[in-house]
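Novice: I have a structure here, written as structure tokens, and I will follow up with some questions on it.
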Amino acid sequence: MSGFVEKPEPIQVPGLVHLHTGKVRDLYRDEAGDLVMVASDRMSAYDWVLPTEIPDKGRVLTQLSLWWFDQLADLVPNHVLSAELPAGAPADWAGRTLVCKSLRMVPVECVARGYLTGSGLLEYNDSRTVCGLALPEGLVDGSELPAPIFTPATKAAVGEHDENVSFEEAARQVGEAVAAELREATLAVYSRARDIARERGIILADTKFEFGFEDDTLVIADEVLTPDSSRFWPVDGWQPGRAQPSYDKQFVRDWLTSPESGWDRGSEQPPPALPQRVVDATRAKYVEAYERLTGTGWK
């Protein structure tokens, strides 16, 4: 069993209808029919939404996504209509709320990989492939791939794993033309972001996007290129053949699987609360990623 350790009750706001509570975001619909997306400070790991929040995390995700949307505007349109706080919303929603277009979402996670690690490494070690794509011999954890690859996944409910699938399987689900359009957009956005991040001393190892359609136009949605949806590694710490230092929730994962936590990942017991030092270290990494990428200090 997994999911929420303590599922929060949705905040009621006049004029907004609560639609969904996700791992990190709460989704509402306003009276105009637009979506209101609120990024919380919740932290998820190992398919659990933890009982401890990371202060400012939701604002970092939202503000970094907005910055990236600007960098990518000439490649693909995005779903943002406004970052203004809806009337009657609590003050805490400021900086973490987006009013967005309601799209026909594509039921595929669009993953781009430029480096080998994570679930891709596990598959490679077993078959020398990732999502059915053949890769050369001799790659190790952290190796740069000969070229970026598109490795789609099926979307999972809270508490369940996304499942990597082949391009052919994705095409079977959404159609050959749509799958090809997703692949082209995903690799174009990844390549642009990889180059921007590299200039700022960060390797974009892999990332995932969500897309939807507004009429016949493909639109990028949700969050983009944040520490929650991407693996960011410092260029000066990159060393293939081992796990890389990263700007993400690695402090959380490492503590949860350490003897200190006392938690058995294979059990059905929920994970414990995080100690303050892990919370502080994780927040610092999210803020550092924002500052290094955008070149501006966190407010």
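Each chain of the structure tokens is named A, B, ... in the order shown, its residues numbered from 1; ligands are numbered from 1 in display order.
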So that I can see what lies close to region 2-7 of chain A, please list as a count of residues only the residues with an atom at most 12 Å from it, counting only C-alpha atoms and leaving out residues fewer than 2 positions away in the same chain.
Specialist: 35
Novice: As a PyMOL selection string, please: every residue in region 26-268 of chain A that DSSP puts in alpha helix (DSSP H).
Specialist: chain A and resi 57-72+118-127+167-174+176-199+250-256
Novice: Under the rule that only C-alpha atoms are counted, which of A:Val60, A:Ile11, A:Ala112, A:Val165 is the nearest residue to Arg194 (chain A)?
Specialist: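 Checking each of A:Val60, A:Ile11, A:Ala112, A:Val165 against Arg194 (chain A), counting only C-alpha atoms, the winner is A:Ala112.
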Novice: Tell me, which residues of region 74-279 of chain A carry DSSP strand (DSSP E), written as a ChimeraX atom specification?
Specialist: /A:80-82,97-100,104-105,108-115,129-130,133-134,144-150,153-154,163-164,202-214,217-221,230-234
Novice: If you take only C-alpha atoms and a cut-off of 12 Å, which residues of region 29-112 of chain A touch region 293-298 of chain A, and what are their nearest atom pairs and distances in Å to one decimal, in chain and number order, as CSV?
Specialist:
residue,atom,partner,partner_atom,distance
A:Asp56,CA,A:Trp298,CA,9.9
A:Lys57,CA,A:Trp298,CA,11.5
A:Arg59,CA,A:Trp298,CA,10.0
A:Val60,CA,A:Trp298,CA,8.4
A:Leu61,CA,A:Trp298,CA,12.0
A:Gln63,CA,A:Trp298,CA,9.8
A:Leu64,CA,A:Thr294,CA,7.7
A:Ser65,CA,A:Thr294,CA,10.6
A:Leu66,CA,A:Thr294,CA,10.6
A:Trp67,CA,A:Thr294,CA,7.2
A:Trp68,CA,A:Thr294,CA,8.8
A:Asp70,CA,A:Thr294,CA,11.2
A:Gln71,CA,A:Thr294,CA,10.3
A:Gly95,CA,A:Trp298,CA,11.9
Novice: Generate the output file for the selected residues, N, CA, C and O atoms, as a PDB file, in the first residue's frame.
Specialist:
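part_12.pdb was written with the following content:
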ATOM      1  N   ASP A  56       8.419  26.474   0.981  1.00  0.00           N
ATOM      2  CA  ASP A  56       8.660  27.200  -0.274  1.00  0.00           C
ATOM      3  C   ASP A  56       8.734  26.300  -1.500  1.00  0.00           C
ATOM      4  O   ASP A  56       8.873  26.800  -2.624  1.00  0.00           O
ATOM      5  N   LYS A  57       8.634  24.995  -1.346  1.00  0.00           N
ATOM      6  CA  LYS A  57       8.803  24.099  -2.488  1.00  0.00           C
ATOM      7  C   LYS A  57       7.796  24.409  -3.603  1.00  0.00           C
ATOM      8  O   LYS A  57       8.159  24.485  -4.780  1.00  0.00           O
ATOM      9  N   ARG A  59       6.259  27.158  -4.312  1.00  0.00           N
ATOM     10  CA  ARG A  59       6.561  28.428  -4.978  1.00  0.00           C
ATOM     11  C   ARG A  59       7.766  28.289  -5.907  1.00  0.00           C
ATOM     12  O   ARG A  59       7.776  28.865  -6.997  1.00  0.00           O
ATOM     13  N   VAL A  60       8.771  27.544  -5.466  1.00  0.00           N
ATOM     14  CA  VAL A  60       9.927  27.321  -6.344  1.00  0.00           C
ATOM     15  C   VAL A  60       9.488  26.619  -7.627  1.00  0.00           C
ATOM     16  O   VAL A  60       9.866  27.023  -8.740  1.00  0.00           O
ATOM     17  N   LEU A  61       8.667  25.574  -7.497  1.00  0.00           N
ATOM     18  CA  LEU A  61       8.210  24.841  -8.677  1.00  0.00           C
ATOM     19  C   LEU A  61       7.437  25.751  -9.625  1.00  0.00           C
ATOM     20  O   LEU A  61       7.623  25.712 -10.850  1.00  0.00           O
ATOM     21  N   GLN A  63       7.407  29.203  -9.808  1.00  0.00           N
ATOM     22  CA  GLN A  63       8.185  30.305 -10.380  1.00  0.00           C
ATOM     23  C   GLN A  63       9.218  29.804 -11.380  1.00  0.00           C
ATOM     24  O   GLN A  63       9.474  30.454 -12.402  1.00  0.00           O
ATOM     25  N   LEU A  64       9.810  28.634 -11.117  1.00  0.00           N
ATOM     26  CA  LEU A  64      10.766  28.078 -12.071  1.00  0.00           C
ATOM     27  C   LEU A  64      10.054  27.645 -13.356  1.00  0.00           C
ATOM     28  O   LEU A  64      10.563  27.851 -14.465  1.00  0.00           O
ATOM     29  N   SER A  65       8.860  27.056 -13.220  1.00  0.00           N
ATOM     30  CA  SER A  65       8.087  26.688 -14.408  1.00  0.00           C
ATOM     31  C   SER A  65       7.765  27.913 -15.250  1.00  0.00           C
ATOM     32  O   SER A  65       7.893  27.890 -16.485  1.00  0.00           O
ATOM     33  N   LEU A  66       7.353  28.999 -14.613  1.00  0.00           N
ATOM     34  CA  LEU A  66       7.051  30.224 -15.354  1.00  0.00           C
ATOM     35  C   LEU A  66       8.276  30.723 -16.100  1.00  0.00           C
ATOM     36  O   LEU A  66       8.185  31.169 -17.260  1.00  0.00           O
ATOM     37  N   TRP A  67       9.442  30.664 -15.469  1.00  0.00           N
ATOM     38  CA  TRP A  67      10.685  31.094 -16.127  1.00  0.00           C
ATOM     39  C   TRP A  67      10.968  30.224 -17.348  1.00  0.00           C
ATOM     40  O   TRP A  67      11.283  30.735 -18.430  1.00  0.00           O
ATOM     41  N   TRP A  68      10.804  28.918 -17.190  1.00  0.00           N
ATOM     42  CA  TRP A  68      11.055  28.018 -18.312  1.00  0.00           C
ATOM     43  C   TRP A  68      10.033  28.210 -19.434  1.00  0.00           C
ATOM     44  O   TRP A  68      10.377  28.154 -20.615  1.00  0.00           O
ATOM     45  N   ASP A  70       8.790  30.867 -20.415  1.00  0.00           N
ATOM     46  CA  ASP A  70       9.264  32.000 -21.205  1.00  0.00           C
ATOM     47  C   ASP A  70      10.404  31.594 -22.135  1.00  0.00           C
ATOM     48  O   ASP A  70      10.480  32.070 -23.279  1.00  0.00           O
ATOM     49  N   GLN A  71      11.300  30.727 -21.654  1.00  0.00           N
ATOM     50  CA  GLN A  71      12.444  30.304 -22.469  1.00  0.00           C
ATOM     51  C   GLN A  71      12.013  29.423 -23.643  1.00  0.00           C
ATOM     52  O   GLN A  71      12.737  29.305 -24.634  1.00  0.00           O
ATOM     53  N   GLY A  95       2.101  33.181  -5.413  1.00  0.00           N
ATOM     54  CA  GLY A  95       3.369  32.669  -5.909  1.00  0.00           C
ATOM     55  C   GLY A  95       3.380  31.194  -6.234  1.00  0.00           C
ATOM     56  O   GLY A  95       4.351  30.693  -6.812  1.00  0.00           O
TER      57      GLY A  95
END
Novice: Compile the contact shell of Val13 (chain A) as a PyMOL selection string: residues with an atom at most 12 Å away, counting only C-alpha atoms, same-chain residues fewer than 5 positions apart removed.
Specialist: chain A and resi 18+27-31+36+85-91+93
Novice: Would you put the residues from that selection into a file with C-alpha atoms, as a PDB file, in the first residue's frame?
Specialist:
ATOM      1  CA  HIS A  18     -12.125  21.491  -6.212  1.00  0.00           C
ATOM      2  CA  LEU A  27      -6.621  21.435  -9.014  1.00  0.00           C
ATOM      3  CA  TYR A  28      -9.732  23.644  -9.127  1.00  0.00           C
ATOM      4  CA  ARG A  29     -12.042  25.005 -11.822  1.00  0.00           C
ATOM      5  CA  ASP A  30     -13.124  28.629 -11.777  1.00  0.00           C
ATOM      6  CA  GLU A  31     -16.407  30.149 -12.931  1.00  0.00           C
ATOM      7  CA  VAL A  36      -6.596  26.824 -11.166  1.00  0.00           C
ATOM      8  CA  LEU A  85      -4.134  35.168  -7.263  1.00  0.00           C
ATOM      9  CA  PRO A  86      -7.847  34.359  -7.758  1.00  0.00           C
ATOM     10  CA  ALA A  87     -10.277  36.531  -5.806  1.00  0.00           C
ATOM     11  CA  GLY A  88     -10.953  35.118  -2.361  1.00  0.00           C
ATOM     12  CA  ALA A  89      -7.996  32.723  -2.417  1.00  0.00           C
ATOM     13  CA  PRO A  90      -5.892  32.433   0.757  1.00  0.00           C
ATOM     14  CA  ALA A  91      -2.752  34.579   0.931  1.00  0.00           C
ATOM     15  CA  TRP A  93      -1.545  30.664  -2.514  1.00  0.00           C
TER      16      TRP A  93
END
Novice: Considering only C-alpha atoms, give me a table of residues in region 87-127 of chain A that are at most 10 Å from region 176-187 of chain A, with the closest atom pair and distance in Å for each, as a Markdown table.
Specialist:
| residue | atom | partner | partner_atom | distance |
| --- | --- | --- | --- | --- |
| A:Val106 | CA | A:Val178 | CA | 8.9 |
| A:Val108 | CA | A:Ala179 | CA | 9.1 |
| A:Glu109 | CA | A:Leu182 | CA | 9.7 |
| A:Cys110 | CA | A:Thr186 | CA | 6.5 |
| A:Val111 | CA | A:Thr186 | CA | 7.3 |
| A:Ala112 | CA | A:Leu187 | CA | 6.3 |
| A:Arg113 | CA | A:Leu187 | CA | 8.8 |
| A:Gly114 | CA | A:Leu187 | CA | 9.6 |
Novice: Set the distance at 10 Å and use only C-alpha atoms: which residues neighbour region 244-254 of chain A once local chain neighbours fewer than 5 positions away are removed? I'd like the list as number ranges by chain.
Specialist: A: 43-46, 50, 117, 141-142, 202-203, 205, 226-239, 259, 261, 274-275, 277-290
Novice: With N, CA and C atoms retained, export the selected residues as a CSV table (one decimal), in the first residue's frame.
Specialist:
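Writing done, so here's out-v2.csv:
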chain,number,residue,atom,x,y,z
A,43,MET,N,5.8,16.8,-0.3
A,43,MET,CA,7.0,16.0,-0.9
A,43,MET,C,6.6,14.6,-1.0
A,44,SER,N,6.9,14.0,-2.2
A,44,SER,CA,6.6,12.6,-2.4
A,44,SER,C,7.9,11.8,-2.6
A,45,ALA,N,7.9,10.6,-2.2
A,45,ALA,CA,9.1,9.7,-2.4
A,45,ALA,C,8.6,8.3,-2.3
A,46,TYR,N,9.2,7.5,-3.2
A,46,TYR,CA,8.9,6.0,-3.2
A,46,TYR,C,7.4,5.8,-3.2
A,50,LEU,N,4.6,12.3,1.7
A,50,LEU,CA,5.2,12.2,3.0
A,50,LEU,C,4.4,13.2,4.0
A,117,THR,N,20.5,6.8,-16.3
A,117,THR,CA,20.4,6.6,-14.8
A,117,THR,C,18.9,6.1,-14.5
A,141,ASP,N,26.2,4.1,-15.0
A,141,ASP,CA,25.3,5.1,-14.3
A,141,ASP,C,25.9,6.5,-14.6
A,142,GLY,N,25.1,7.4,-15.2
A,142,GLY,CA,25.6,8.8,-15.4
A,142,GLY,C,26.2,9.0,-16.8
A,202,ILE,N,24.7,23.3,-15.0
A,202,ILE,CA,23.8,22.3,-14.6
A,202,ILE,C,23.6,21.3,-15.7
A,203,ILE,N,23.7,20.0,-15.5
A,203,ILE,CA,23.4,19.0,-16.5
A,203,ILE,C,21.9,18.6,-16.3
A,205,ALA,N,19.9,15.8,-16.9
A,205,ALA,CA,20.0,14.4,-17.2
A,205,ALA,C,18.8,13.8,-17.9
A,226,THR,N,11.5,21.4,-13.5
A,226,THR,CA,11.7,21.6,-12.1
A,226,THR,C,12.5,20.5,-11.5
A,227,PRO,N,13.0,20.7,-10.2
A,227,PRO,CA,13.6,19.5,-9.5
A,227,PRO,C,12.7,18.4,-9.2
A,228,ASP,N,11.4,18.6,-9.3
A,228,ASP,CA,10.4,17.5,-9.1
A,228,ASP,C,10.2,16.7,-10.4
A,229,SER,N,10.4,17.3,-11.6
A,229,SER,CA,10.1,16.6,-12.8
A,229,SER,C,11.4,16.3,-13.6
A,230,SER,N,12.6,16.7,-13.0
A,230,SER,CA,13.8,16.6,-13.8
A,230,SER,C,14.9,16.1,-12.9
A,231,ARG,N,16.0,15.5,-13.5
A,231,ARG,CA,17.2,15.3,-12.8
A,231,ARG,C,18.2,16.3,-13.2
A,232,PHE,N,18.6,17.2,-12.2
A,232,PHE,CA,19.6,18.2,-12.4
A,232,PHE,C,20.9,17.8,-11.7
A,233,TRP,N,22.0,17.8,-12.4
A,233,TRP,CA,23.3,17.5,-11.8
A,233,TRP,C,24.2,18.6,-12.0
A,234,PRO,N,25.1,19.0,-11.0
A,234,PRO,CA,26.1,20.0,-11.2
A,234,PRO,C,27.1,19.5,-12.1
A,235,VAL,N,27.5,20.3,-13.1
A,235,VAL,CA,28.5,19.9,-14.1
A,235,VAL,C,29.8,19.6,-13.5
A,236,ASP,N,30.2,20.3,-12.5
A,236,ASP,CA,31.5,20.1,-11.9
A,236,ASP,C,31.6,18.9,-10.9
A,237,GLY,N,30.4,18.2,-10.7
A,237,GLY,CA,30.4,17.0,-9.9
A,237,GLY,C,30.1,15.8,-10.7
A,238,TRP,N,29.9,15.9,-12.0
A,238,TRP,CA,29.6,14.8,-12.9
A,238,TRP,C,30.7,13.8,-13.0
A,239,GLN,N,30.5,12.6,-12.7
A,239,GLN,CA,31.4,11.5,-12.8
A,239,GLN,C,30.7,10.2,-13.1
A,259,PRO,N,19.3,3.5,7.9
A,259,PRO,CA,18.9,2.9,9.2
A,259,PRO,C,18.3,3.9,10.2
A,261,SER,N,16.2,6.2,9.7
A,261,SER,CA,14.7,6.4,9.6
A,261,SER,C,13.9,5.2,10.2
A,274,LEU,N,10.1,13.6,8.4
A,274,LEU,CA,11.5,13.9,8.1
A,274,LEU,C,12.1,14.8,9.2
A,275,PRO,N,13.3,14.6,9.6
A,275,PRO,CA,14.0,15.4,10.5
A,275,PRO,C,14.3,16.8,9.9
A,277,ARG,N,16.8,18.7,9.7
A,277,ARG,CA,18.1,18.9,8.8
A,277,ARG,C,17.8,18.4,7.4
A,278,VAL,N,17.0,17.4,7.2
A,278,VAL,CA,16.7,16.9,5.9
A,278,VAL,C,15.8,17.8,5.2
A,279,VAL,N,14.8,18.4,5.9
A,279,VAL,CA,13.9,19.4,5.4
A,279,VAL,C,14.7,20.6,4.9
A,280,ASP,N,15.7,21.1,5.7
A,280,ASP,CA,16.5,22.3,5.4
A,280,ASP,C,17.4,22.0,4.2
A,281,ALA,N,18.0,20.9,4.2
A,281,ALA,CA,18.9,20.6,3.1
A,281,ALA,C,18.2,20.4,1.7
A,282,THR,N,17.0,19.8,1.8
A,282,THR,CA,16.2,19.7,0.6
A,282,THR,C,15.7,21.0,0.1
A,283,ARG,N,15.2,21.9,1.0
A,283,ARG,CA,14.8,23.2,0.6
A,283,ARG,C,15.9,24.0,-0.1
A,284,ALA,N,17.1,23.9,0.5
A,284,ALA,CA,18.3,24.6,0.0
A,284,ALA,C,18.6,24.1,-1.4
A,285,LYS,N,18.4,22.9,-1.7
A,285,LYS,CA,18.7,22.4,-3.1
A,285,LYS,C,17.7,22.9,-4.1
A,286,TYR,N,16.5,22.9,-3.7
A,286,TYR,CA,15.4,23.4,-4.6
A,286,TYR,C,15.7,24.9,-4.9
A,287,VAL,N,16.0,25.7,-3.9
A,287,VAL,CA,16.3,27.1,-4.0
A,287,VAL,C,17.5,27.3,-4.9
A,288,GLU,N,18.6,26.5,-4.6
A,288,GLU,CA,19.8,26.6,-5.4
A,288,GLU,C,19.6,26.4,-6.9
A,289,ALA,N,18.8,25.3,-7.2
A,289,ALA,CA,18.5,25.1,-8.6
A,289,ALA,C,17.8,26.3,-9.2
A,290,TYR,N,16.8,26.8,-8.5
A,290,TYR,CA,16.1,28.0,-9.1
A,290,TYR,C,17.1,29.2,-9.3
Novice: Using only C-alpha atoms, which residues sit within 10 Å of Glu169 (chain A) once same-chain residues fewer than 5 positions away are excluded, as a list of chain:residue names?
Specialist: A:Cys131, A:Pro152, A:Ala153, A:Thr154, A:Asn164, A:Val174, A:Gly175, A:Glu176, A:Ala179
Novice: Quick one: write out the picked residues with C-alpha atoms as a PDB file, in the first residue's frame?
Specialist:
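Just written: part-v3.pdb:
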ATOM      1  CA  CYS A 131      12.002   1.608 -23.581  1.00  0.00           C
ATOM      2  CA  PRO A 152       7.330   7.632 -22.858  1.00  0.00           C
ATOM      3  CA  ALA A 153       5.543   6.322 -19.785  1.00  0.00           C
ATOM      4  CA  THR A 154       1.955   5.702 -18.804  1.00  0.00           C
ATOM      5  CA  ASN A 164       7.887   2.968 -19.048  1.00  0.00           C
ATOM      6  CA  VAL A 174      -2.726   7.892 -28.659  1.00  0.00           C
ATOM      7  CA  GLY A 175      -2.218   7.304 -32.381  1.00  0.00           C
ATOM      8  CA  GLU A 176       0.882   7.321 -34.551  1.00  0.00           C
ATOM      9  CA  ALA A 179       2.951  10.061 -30.670  1.00  0.00           C
TER      10      ALA A 179
END
Novice: If you count only C-alpha atoms, which residues fall within 12 Å of Ala73 (chain A), apart from same-chain ones fewer than 6 positions away, as a PyMOL selection string?
Specialist: chain A and resi 65-67+79-80+188-189+192-193+219-220
Novice: In terms of the shortest atom-to-atom distance over only C-alpha atoms, which of A:Pro107, A:Glu84, A:Gln276, A:Gly241 is closest to Ala171 (chain A)?
Specialist: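 Using only C-alpha atoms, the shortest distance to Ala171 (chain A) belongs to A:Pro107.
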